[in-house]
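Let me begin by presenting the structure, written as structure tokens, before commenting on it.
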Amino acid sequence: MSRTDPTPRTRWVIKVGSALVTDNGRGLDHARIGDWVRQIVAARGQGVDVVLVSSGSVAEGVRRLGWSQRPTALHQLQAAASVGQMGLVQAYEARFQTFDVRTGQILLTHEDLADRQRYLNARVTLRALLELGVVPVVNENDTIATDEIRFGDNDTLAALVSNLIEADQLVILTDQTGLFDADPREDASAQLIRHAAAEDEALERLCSDAPGVLGSGGMRTKVAAARRAARSGAMTRIASGREPDVLQRIAAGESVGTHLEPSREPLVARKQWIAGQLQVRGRLCLDDGAAEVLREHGRSLLSVGVTRVEGHFRRGEMVACLDPAGREVARGLVNYDAAAASRIAGQPTGHIESLLGYLSEPELIHRDNLVLTDPGLASED
Ligand SMILES: Nc1ncnc2c1ncn2[C@@H]1O[C@H](COP(=O)(O)OP(=O)(O)O)[C@@H](O)[C@H]1O
Ligand SMILES: N[C@@H](CCC(=O)OP(=O)(O)O)C(=O)O
């Protein structure tokens with residue numbers, strides 16, 4: 001989406017668990033899938049870009065293979081995942097197609113997010129898909145992930161994807177109405193927790209170890225996912241995927257399920273995450289005026305204040321901004337690749353469109369994506 005779009009867009013990662021997707025293992029719940037898709041399409045119309053993380057490949061594969069229960073051997077789980085994943089993506093693709101919305105499949109392994117180059121590739125691809133208006137449908141690449149390198153549960157994967165795209169919100173849809181002060185399967189008097197700090201370590205003690213028969217993480221991994229998502233500024237909502245219009249009600253700001261909020265201001269957390277995670281791919285040399293508006297006023301960087309562009313970077317990558325004396329002023333995610341940035345350097349914003357033939361964003365680096373250089377800033381992971 002271009003910044004010329006009048007509606008400011010937010011990003012959500014929505015994770016749906018196995019029991020929900022497969023109607024407790026009875027088979028893909030097409031009605032429910034259709035209902036989430038309808039709500040996602042509505043949310044997109046209200047300015048929410050969505051990455052969907054869907055579990056259910058193993059549960060659906062087990063059913064399709066006619067097995068009476070979930071196997072324990074890894075190779076059998078992997079075979080089931082391979083069969084079930086076909087059904088999952090077909091179901092989403094078919095539903096989104098009725099709204100004329102494209103989907104794209106992304107299967108990730110732990111290594112993809114641990115290796116910096118692959119992390120950046122995954123990030124660029126996901127962002128490209130969102131910009132194209134596609135809904136990425138993510139799952140773990142179960143068929144090739146060995147035990148040692150598995151995320152193991154999609155709550156963790158969804159939190160890492162939230163970090164990857166710097167999501168504003170992680171929505172975890174499950175078979176309970178939220179996080180309770182005890183496992184409601186074991187304690188009928190358990191009370192729903194409506195609001196808590198995502199970083200509160202006491203929350204994990206409220207969770208029983210056992211997931212449902214089909215799930216793999218239980219509530220504990222959801223609480224841990226909220227803490228992880230908070231590192232890049234995302235708030236987390238845990239809610240029931242069976243509640244009518246759950247996504248639309250969340251989008252409307254209703255208090256649904258459990259709300260786990262980062263303790264740091266989201267923008268600050270997000271900026272620190274960006275500074276700690278991404279490698280600097282190039283440098284923008286600024287004139288005195290631009291260095292000052294960044295340092296003193298926290299404004300966006302405009303092309304007119306850039307005197308030289310160095311390095312080979314793509315749109316969305318991290319570049320360092322240097323003052324005329326060569327001192328680093330800030331780092332940020334650049335809105336134009338190196339070739340385009342060189343062409344518009346020194347030029348006012350109003351000339352960008354005629355110079356490049358398009359206007360991607362009015363700023364070279366938007367202030368939300370700029371972090372003033374602070375040598376004390378360390379990576380969070
Ligand atoms: N404190 C708690 N609050 C709510 N649910 C809990 C809690 N502790 C454990 N659980 C269990 O976690 C289950 C959800 O986890 P899981 O089966 O892995 O779901 P999913 O497939 O959606 O990931 C619930 O059905 C519930 O029994
Ligand atoms: N990749 C696996 C994920 C299993 C999983 O995490 O399940 P859940 O706890 O229901 O989200 C699958 O699709 O079956």
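Going by the structure tokens order, chains are called A, B, ..., each with residues numbered from 1, while ligands are numbered from 1 in the order shown.
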
Surrounding residues as a ChimeraX atom specification, ligand 1, max 9 Å, only C-alpha atoms and all ligand atoms:
/A:15-21,55-56,153-155,172-186,190-193,203-222,240-241

Since we have the selection now, will you write its residues out, keeping C-alpha atoms, as a PDB file, in the first residue's frame?
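The resulting file, selection_32.pdb, is reproduced below:
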ATOM      1  CA  LYS A  15      -3.096 -17.316  14.334  1.00  0.00           C
ATOM      2  CA  VAL A  16      -5.736 -20.029  14.318  1.00  0.00           C
ATOM      3  CA  GLY A  17      -5.237 -23.296  16.204  1.00  0.00           C
ATOM      4  CA  SER A  18      -5.714 -26.903  15.065  1.00  0.00           C
ATOM      5  CA  ALA A  19      -8.852 -27.730  17.017  1.00  0.00           C
ATOM      6  CA  LEU A  20     -10.626 -24.710  15.588  1.00  0.00           C
ATOM      7  CA  VAL A  21      -9.541 -25.166  11.992  1.00  0.00           C
ATOM      8  CA  SER A  55      -2.309 -24.691  12.192  1.00  0.00           C
ATOM      9  CA  GLY A  56      -4.210 -27.816  11.282  1.00  0.00           C
ATOM     10  CA  ASP A 153       3.998 -24.877  17.921  1.00  0.00           C
ATOM     11  CA  ASN A 154       2.486 -22.175  15.838  1.00  0.00           C
ATOM     12  CA  ASP A 155       2.063 -19.740  18.734  1.00  0.00           C
ATOM     13  CA  ILE A 172      -4.426 -15.792  18.695  1.00  0.00           C
ATOM     14  CA  LEU A 173      -7.718 -17.517  18.030  1.00  0.00           C
ATOM     15  CA  THR A 174      -8.209 -20.671  20.034  1.00  0.00           C
ATOM     16  CA  ASP A 175     -10.907 -22.889  21.519  1.00  0.00           C
ATOM     17  CA  GLN A 176     -11.205 -20.935  24.788  1.00  0.00           C
ATOM     18  CA  THR A 177     -12.539 -17.409  25.190  1.00  0.00           C
ATOM     19  CA  GLY A 178      -9.110 -16.266  26.370  1.00  0.00           C
ATOM     20  CA  LEU A 179      -6.589 -16.787  29.142  1.00  0.00           C
ATOM     21  CA  PHE A 180      -8.164 -17.872  32.424  1.00  0.00           C
ATOM     22  CA  ASP A 181      -6.688 -17.792  35.907  1.00  0.00           C
ATOM     23  CA  ALA A 182      -6.685 -21.613  35.732  1.00  0.00           C
ATOM     24  CA  ASP A 183      -7.193 -24.140  32.947  1.00  0.00           C
ATOM     25  CA  PRO A 184     -10.984 -24.062  32.379  1.00  0.00           C
ATOM     26  CA  ARG A 185     -10.860 -27.726  31.326  1.00  0.00           C
ATOM     27  CA  GLU A 186      -9.692 -28.605  34.804  1.00  0.00           C
ATOM     28  CA  ALA A 190     -11.758 -20.399  36.358  1.00  0.00           C
ATOM     29  CA  GLN A 191     -12.167 -16.696  35.556  1.00  0.00           C
ATOM     30  CA  LEU A 192     -11.280 -14.970  32.300  1.00  0.00           C
ATOM     31  CA  ILE A 193      -8.398 -12.490  32.540  1.00  0.00           C
ATOM     32  CA  LEU A 203       0.907 -15.528  33.667  1.00  0.00           C
ATOM     33  CA  GLU A 204       2.662 -18.731  32.643  1.00  0.00           C
ATOM     34  CA  ARG A 205       2.014 -20.218  36.056  1.00  0.00           C
ATOM     35  CA  LEU A 206      -1.722 -19.999  35.366  1.00  0.00           C
ATOM     36  CA  CYS A 207      -1.437 -22.350  32.424  1.00  0.00           C
ATOM     37  CA  SER A 208      -1.654 -26.102  32.677  1.00  0.00           C
ATOM     38  CA  ASP A 209       0.943 -27.985  30.689  1.00  0.00           C
ATOM     39  CA  ALA A 210      -1.421 -30.010  28.579  1.00  0.00           C
ATOM     40  CA  PRO A 211      -2.671 -28.632  25.293  1.00  0.00           C
ATOM     41  CA  GLY A 212      -5.940 -29.903  23.872  1.00  0.00           C
ATOM     42  CA  VAL A 213      -5.826 -33.280  22.107  1.00  0.00           C
ATOM     43  CA  LEU A 214      -5.017 -31.620  18.782  1.00  0.00           C
ATOM     44  CA  GLY A 215      -3.034 -28.549  19.781  1.00  0.00           C
ATOM     45  CA  SER A 216       0.634 -28.674  20.543  1.00  0.00           C
ATOM     46  CA  GLY A 217       1.456 -25.740  22.758  1.00  0.00           C
ATOM     47  CA  GLY A 218      -1.462 -25.178  25.091  1.00  0.00           C
ATOM     48  CA  MET A 219      -1.990 -21.796  26.720  1.00  0.00           C
ATOM     49  CA  ARG A 220       1.588 -21.574  27.980  1.00  0.00           C
ATOM     50  CA  THR A 221       3.006 -21.069  24.481  1.00  0.00           C
ATOM     51  CA  LYS A 222       0.368 -18.400  23.809  1.00  0.00           C
ATOM     52  CA  SER A 240     -12.183 -17.637  20.844  1.00  0.00           C
ATOM     53  CA  GLY A 241     -12.305 -18.301  17.122  1.00  0.00           C
TER      54      GLY A 241
END

So, with only C-alpha atoms as the atoms that count, which of A:His259, A:Arg242, A:Arg249, A:His30 lies closest to Ala198 (chain A)?
A:His259

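Those residues that approach Glu60 (chain A) to within 7 Å, counting only C-alpha atoms, are Thr22, Gly25, Gly27, Leu28, Gly56, Ser57, Arg63, Arg64 and Gly84 of chain A; same-chain residues fewer than 3 positions away are not listed.
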
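Among the candidates A:Val223, A:Val306, A:Val256, A:Val53, the residue lying nearest to ligand 2 is A:Val53 (atoms considered: only C-alpha atoms and all ligand atoms).
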
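Minimum atom-to-atom distances from A:Pro362, A:Gly61, A:Gly326, A:Gly104 to Gln78 (chain A) were compared using only C-alpha atoms, and the lowest value belongs to A:Gly61.
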
Pick out the residues sitting within 10 Å of Leu286 (chain A), and hand them over as a list in words; count only C-alpha atoms, and ignore anything fewer than 3 positions along from it in its own chain.
Arg283, Gly289, Ala290, Ala291, Glu292, Leu294, Leu301, Leu302, Ser303, Val304, Gly305, Val306, Thr307, Arg308, Val309, Cys321, Leu322, Asp323, Pro324, Ala325, Gly326, Glu328, Val329, Ala345 and Gly346 of chain A

Val319 (chain A): which residues within 9 Å, counting only C-alpha atoms, same-chain residues fewer than 5 positions away excluded, as a ChimeraX atom specification?
/A:279-284,311,313,330-334

Give the strand (DSSP E or B) residues of region 86-151 of chain A, as assigned by DSSP on the backbone, as a JSON list (two decimals) with C-alpha atoms, in the first residue's frame.
[["chain", "number", "residue", "atom", "x", "y", "z"],
["A", 103, "THR", "CA", -3.36, -15.74, -0.96],
["A", 104, "GLY", "CA", 0.30, -16.85, -0.87],
["A", 105, "GLN", "CA", 1.68, -19.82, 1.00],
["A", 106, "ILE", "CA", 4.73, -19.37, 3.24],
["A", 107, "LEU", "CA", 6.22, -22.39, 4.97],
["A", 108, "LEU", "CA", 8.95, -21.51, 7.45],
["A", 135, "VAL", "CA", -2.93, -12.48, 2.36],
["A", 136, "PRO", "CA", 0.08, -14.64, 3.29],
["A", 137, "VAL", "CA", -0.92, -17.99, 4.82],
["A", 138, "VAL", "CA", 1.91, -19.23, 7.02],
["A", 139, "ASN", "CA", 2.65, -22.56, 8.65],
["A", 140, "GLU", "CA", 5.73, -24.35, 9.85]]

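Remark: for Val268 (chain A), the closest of the candidate residues A:Gln69, A:Ser300, A:Ser232, A:Gln39 is A:Ser232 (distances computed over only C-alpha atoms).
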
Write down as a ChimeraX atom specification the residues of region 180-279 of chain A whose backbone DSSP state falls under alpha helix (DSSP H).
/A:218-230,246-251,266-277

Store the residues picked out above in a file with N, CA and C atoms, as a PDB file, in the first residue's frame.
ATOM      1  N   GLY A 218      -0.646 -25.538  23.940  1.00  0.00           N
ATOM      2  CA  GLY A 218      -1.462 -25.178  25.091  1.00  0.00           C
ATOM      3  C   GLY A 218      -1.445 -23.681  25.293  1.00  0.00           C
ATOM      4  N   MET A 219      -1.902 -23.231  26.457  1.00  0.00           N
ATOM      5  CA  MET A 219      -1.990 -21.796  26.720  1.00  0.00           C
ATOM      6  C   MET A 219      -0.618 -21.214  27.051  1.00  0.00           C
ATOM      7  N   ARG A 220       0.257 -22.057  27.585  1.00  0.00           N
ATOM      8  CA  ARG A 220       1.588 -21.574  27.980  1.00  0.00           C
ATOM      9  C   ARG A 220       2.329 -20.952  26.793  1.00  0.00           C
ATOM     10  N   THR A 221       2.273 -21.614  25.633  1.00  0.00           N
ATOM     11  CA  THR A 221       3.006 -21.069  24.481  1.00  0.00           C
ATOM     12  C   THR A 221       2.340 -19.789  23.958  1.00  0.00           C
ATOM     13  N   LYS A 222       1.048 -19.632  24.249  1.00  0.00           N
ATOM     14  CA  LYS A 222       0.368 -18.400  23.809  1.00  0.00           C
ATOM     15  C   LYS A 222       0.825 -17.220  24.664  1.00  0.00           C
ATOM     16  N   VAL A 223       0.955 -17.470  25.964  1.00  0.00           N
ATOM     17  CA  VAL A 223       1.424 -16.421  26.865  1.00  0.00           C
ATOM     18  C   VAL A 223       2.881 -16.060  26.525  1.00  0.00           C
ATOM     19  N   ALA A 224       3.689 -17.089  26.246  1.00  0.00           N
ATOM     20  CA  ALA A 224       5.090 -16.834  25.869  1.00  0.00           C
ATOM     21  C   ALA A 224       5.143 -16.084  24.537  1.00  0.00           C
ATOM     22  N   ALA A 225       4.214 -16.418  23.640  1.00  0.00           N
ATOM     23  CA  ALA A 225       4.174 -15.733  22.335  1.00  0.00           C
ATOM     24  C   ALA A 225       3.852 -14.252  22.533  1.00  0.00           C
ATOM     25  N   ALA A 226       2.970 -13.950  23.479  1.00  0.00           N
ATOM     26  CA  ALA A 226       2.610 -12.550  23.739  1.00  0.00           C
ATOM     27  C   ALA A 226       3.839 -11.780  24.229  1.00  0.00           C
ATOM     28  N   ARG A 227       4.637 -12.437  25.066  1.00  0.00           N
ATOM     29  CA  ARG A 227       5.830 -11.764  25.586  1.00  0.00           C
ATOM     30  C   ARG A 227       6.824 -11.503  24.452  1.00  0.00           C
ATOM     31  N   ARG A 228       6.951 -12.495  23.591  1.00  0.00           N
ATOM     32  CA  ARG A 228       7.874 -12.342  22.470  1.00  0.00           C
ATOM     33  C   ARG A 228       7.393 -11.264  21.488  1.00  0.00           C
ATOM     34  N   ALA A 229       6.099 -11.269  21.217  1.00  0.00           N
ATOM     35  CA  ALA A 229       5.547 -10.278  20.281  1.00  0.00           C
ATOM     36  C   ALA A 229       5.720  -8.863  20.834  1.00  0.00           C
ATOM     37  N   ALA A 230       5.659  -8.737  22.159  1.00  0.00           N
ATOM     38  CA  ALA A 230       5.780  -7.411  22.784  1.00  0.00           C
ATOM     39  C   ALA A 230       7.154  -6.794  22.546  1.00  0.00           C
ATOM     40  N   VAL A 246     -15.669 -12.253  15.859  1.00  0.00           N
ATOM     41  CA  VAL A 246     -14.598 -11.953  16.817  1.00  0.00           C
ATOM     42  C   VAL A 246     -13.572 -10.963  16.256  1.00  0.00           C
ATOM     43  N   LEU A 247     -13.185 -11.155  14.993  1.00  0.00           N
ATOM     44  CA  LEU A 247     -12.148 -10.281  14.434  1.00  0.00           C
ATOM     45  C   LEU A 247     -12.686  -8.875  14.222  1.00  0.00           C
ATOM     46  N   GLN A 248     -13.915  -8.813  13.770  1.00  0.00           N
ATOM     47  CA  GLN A 248     -14.496  -7.491  13.539  1.00  0.00           C
ATOM     48  C   GLN A 248     -14.687  -6.738  14.845  1.00  0.00           C
ATOM     49  N   ARG A 249     -15.023  -7.475  15.886  1.00  0.00           N
ATOM     50  CA  ARG A 249     -15.208  -6.813  17.179  1.00  0.00           C
ATOM     51  C   ARG A 249     -13.865  -6.323  17.725  1.00  0.00           C
ATOM     52  N   ILE A 250     -12.826  -7.094  17.498  1.00  0.00           N
ATOM     53  CA  ILE A 250     -11.496  -6.639  17.921  1.00  0.00           C
ATOM     54  C   ILE A 250     -11.116  -5.383  17.125  1.00  0.00           C
ATOM     55  N   ALA A 251     -11.384  -5.445  15.812  1.00  0.00           N
ATOM     56  CA  ALA A 251     -11.049  -4.289  14.965  1.00  0.00           C
ATOM     57  C   ALA A 251     -11.825  -3.050  15.416  1.00  0.00           C
ATOM     58  N   PRO A 266       4.456   1.056  22.193  1.00  0.00           N
ATOM     59  CA  PRO A 266       4.710   0.218  21.013  1.00  0.00           C
ATOM     60  C   PRO A 266       5.711   0.793  20.017  1.00  0.00           C
ATOM     61  N   LEU A 267       5.625   2.106  19.782  1.00  0.00           N
ATOM     62  CA  LEU A 267       6.525   2.675  18.784  1.00  0.00           C
ATOM     63  C   LEU A 267       7.979   2.619  19.253  1.00  0.00           C
ATOM     64  N   VAL A 268       8.187   2.841  20.532  1.00  0.00           N
ATOM     65  CA  VAL A 268       9.546   2.785  21.078  1.00  0.00           C
ATOM     66  C   VAL A 268      10.077   1.354  20.967  1.00  0.00           C
ATOM     67  N   ALA A 269       9.229   0.382  21.366  1.00  0.00           N
ATOM     68  CA  ALA A 269       9.640  -1.021  21.301  1.00  0.00           C
ATOM     69  C   ALA A 269       9.960  -1.410  19.860  1.00  0.00           C
ATOM     70  N   ARG A 270       9.112  -0.971  18.961  1.00  0.00           N
ATOM     71  CA  ARG A 270       9.282  -1.334  17.558  1.00  0.00           C
ATOM     72  C   ARG A 270      10.593  -0.765  17.020  1.00  0.00           C
ATOM     73  N   LYS A 271      10.864   0.501  17.368  1.00  0.00           N
ATOM     74  CA  LYS A 271      12.087   1.138  16.877  1.00  0.00           C
ATOM     75  C   LYS A 271      13.328   0.441  17.441  1.00  0.00           C
ATOM     76  N   GLN A 272      13.265   0.075  18.706  1.00  0.00           N
ATOM     77  CA  GLN A 272      14.427  -0.596  19.292  1.00  0.00           C
ATOM     78  C   GLN A 272      14.633  -1.954  18.633  1.00  0.00           C
ATOM     79  N   TRP A 273      13.513  -2.609  18.324  1.00  0.00           N
ATOM     80  CA  TRP A 273      13.590  -3.901  17.652  1.00  0.00           C
ATOM     81  C   TRP A 273      14.273  -3.741  16.293  1.00  0.00           C
ATOM     82  N   ILE A 274      13.818  -2.740  15.548  1.00  0.00           N
ATOM     83  CA  ILE A 274      14.379  -2.502  14.214  1.00  0.00           C
ATOM     84  C   ILE A 274      15.892  -2.275  14.332  1.00  0.00           C
ATOM     85  N   ALA A 275      16.280  -1.414  15.267  1.00  0.00           N
ATOM     86  CA  ALA A 275      17.702  -1.068  15.407  1.00  0.00           C
ATOM     87  C   ALA A 275      18.535  -2.279  15.793  1.00  0.00           C
ATOM     88  N   GLY A 276      17.943  -3.179  16.580  1.00  0.00           N
ATOM     89  CA  GLY A 276      18.715  -4.321  17.057  1.00  0.00           C
ATOM     90  C   GLY A 276      18.771  -5.470  16.076  1.00  0.00           C
ATOM     91  N   GLN A 277      17.813  -5.544  15.164  1.00  0.00           N
ATOM     92  CA  GLN A 277      17.690  -6.732  14.331  1.00  0.00           C
ATOM     93  C   GLN A 277      18.345  -6.649  12.960  1.00  0.00           C
TER      94      GLN A 277
END

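Coordinates place CA of Ser255 (chain A) at a distance of 28.8 Å from atom 12 (C, counted along the ligand's line) of ligand 2.
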
Applying 12 Å and only C-alpha atoms, which residues near Asp100 (chain A) remain after dropping the ones on its own chain fewer than 4 positions away? List them as a PyMOL selection string.
chain A and resi 37-38+41+93-96+133-135

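Distance-wise, CA of Ala339 (chain A) and CA of Ile352 (chain A) end up 12.9 Å apart.
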
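Taking CA of Leu364 (chain A) and CA of Gly47 (chain A) as the two end points, the separation is 22.5 Å.
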